[in-house]
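Below is one structure, written out as structure tokens; comments come after it.
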Amino acid sequence: MIPPNAAPPKTIVIAYPGAEEKIRKQYVYQTYLSSQEHDRLALVPGNRLVVKFKDEVVGEGQAILVEKTTLERLSHYAEVQRKHVEQTVLAGVRKPEKVEFWKVLFRWL
């Protein structure tokens, strides 16, 4: 079996409004994936990542946490982030407050 960090990097795209400056300055960052996107990438902790902000490659990272979450578990202080997740990750979903999606925490390499 190939270790997660030895496999080719997987590409994740960040499009969250205002995220560009944050992802360039923070050592650790989190993003969210729909279940379909998570399954397509087969993302697990340890995977190397090519991190893009929209169409631009920002750098290479490594997934350190990949777990299911819900809107209920997101911080109530991050209302803009909650709305973005509802409009993108959970777009077209009935009862988005009940649907699980994936939180990905990654660090820069």
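Scheme for the structure tokens: letters A, B, ... for chains in order shown; per-chain residue numbers from 1; ligand numbers from 1 in order shown.
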
Going by DSSP on the backbone, which residues of chain A come out as alpha helix (DSSP H)? List them as an MDAnalysis selection string. chainID A and resid 19:25 35:41 79:87

Just list as a ChimeraX atom specification whatever in chain A DSSP marks as strand (DSSP E). /A:10-14,28-33,48-53,56-69,101-108

Written selection (C-alpha atoms) as a PDB file, in the first residue's frame:
ATOM      1  CA  LYS A  10      -4.468  16.108  -5.233  1.00  0.00           C
ATOM      2  CA  THR A  11      -5.751  19.524  -6.298  1.00  0.00           C
ATOM      3  CA  ILE A  12      -8.147  21.484  -4.125  1.00  0.00           C
ATOM      4  CA  VAL A  13      -9.570  24.832  -5.198  1.00  0.00           C
ATOM      5  CA  ILE A  14     -10.368  27.573  -2.701  1.00  0.00           C
ATOM      6  CA  VAL A  28      -2.727  26.090   8.650  1.00  0.00           C
ATOM      7  CA  TYR A  29      -5.979  26.629   6.761  1.00  0.00           C
ATOM      8  CA  GLN A  30      -9.297  24.830   6.448  1.00  0.00           C
ATOM      9  CA  THR A  31     -11.688  24.415   3.574  1.00  0.00           C
ATOM     10  CA  TYR A  32     -14.830  22.396   2.924  1.00  0.00           C
ATOM     11  CA  LEU A  33     -15.729  19.771   0.309  1.00  0.00           C
ATOM     12  CA  ARG A  48      -0.149  16.100  -0.530  1.00  0.00           C
ATOM     13  CA  LEU A  49      -2.235  18.888  -2.041  1.00  0.00           C
ATOM     14  CA  VAL A  50      -1.845  21.403  -4.827  1.00  0.00           C
ATOM     15  CA  VAL A  51      -3.739  24.384  -3.438  1.00  0.00           C
ATOM     16  CA  LYS A  52      -5.338  26.776  -5.890  1.00  0.00           C
ATOM     17  CA  PHE A  53      -7.177  30.030  -5.297  1.00  0.00           C
ATOM     18  CA  GLU A  56      -4.048  30.325  -9.621  1.00  0.00           C
ATOM     19  CA  VAL A  57      -1.796  27.775  -7.920  1.00  0.00           C
ATOM     20  CA  VAL A  58      -0.922  29.163  -4.487  1.00  0.00           C
ATOM     21  CA  GLY A  59       1.340  26.387  -3.252  1.00  0.00           C
ATOM     22  CA  GLU A  60       1.608  22.838  -2.007  1.00  0.00           C
ATOM     23  CA  GLY A  61       0.167  21.602   1.246  1.00  0.00           C
ATOM     24  CA  GLN A  62      -0.600  18.456   3.169  1.00  0.00           C
ATOM     25  CA  ALA A  63      -3.985  17.379   4.546  1.00  0.00           C
ATOM     26  CA  ILE A  64      -3.726  16.991   8.314  1.00  0.00           C
ATOM     27  CA  LEU A  65      -7.418  16.515   9.163  1.00  0.00           C
ATOM     28  CA  VAL A  66     -10.232  15.227   6.959  1.00  0.00           C
ATOM     29  CA  GLU A  67     -13.530  14.781   8.787  1.00  0.00           C
ATOM     30  CA  LYS A  68     -17.269  14.977   8.262  1.00  0.00           C
ATOM     31  CA  THR A  69     -19.076  18.017   9.641  1.00  0.00           C
ATOM     32  CA  PHE A 101     -19.957  17.482   4.231  1.00  0.00           C
ATOM     33  CA  TRP A 102     -16.179  17.359   4.672  1.00  0.00           C
ATOM     34  CA  LYS A 103     -13.873  19.705   6.548  1.00  0.00           C
ATOM     35  CA  VAL A 104     -10.249  19.615   5.371  1.00  0.00           C
ATOM     36  CA  LEU A 105      -7.513  21.158   7.484  1.00  0.00           C
ATOM     37  CA  PHE A 106      -4.167  21.481   5.733  1.00  0.00           C
ATOM     38  CA  ARG A 107      -0.707  22.903   6.316  1.00  0.00           C
ATOM     39  CA  TRP A 108       1.773  24.328   3.854  1.00  0.00           C
TER      40      TRP A 108
END
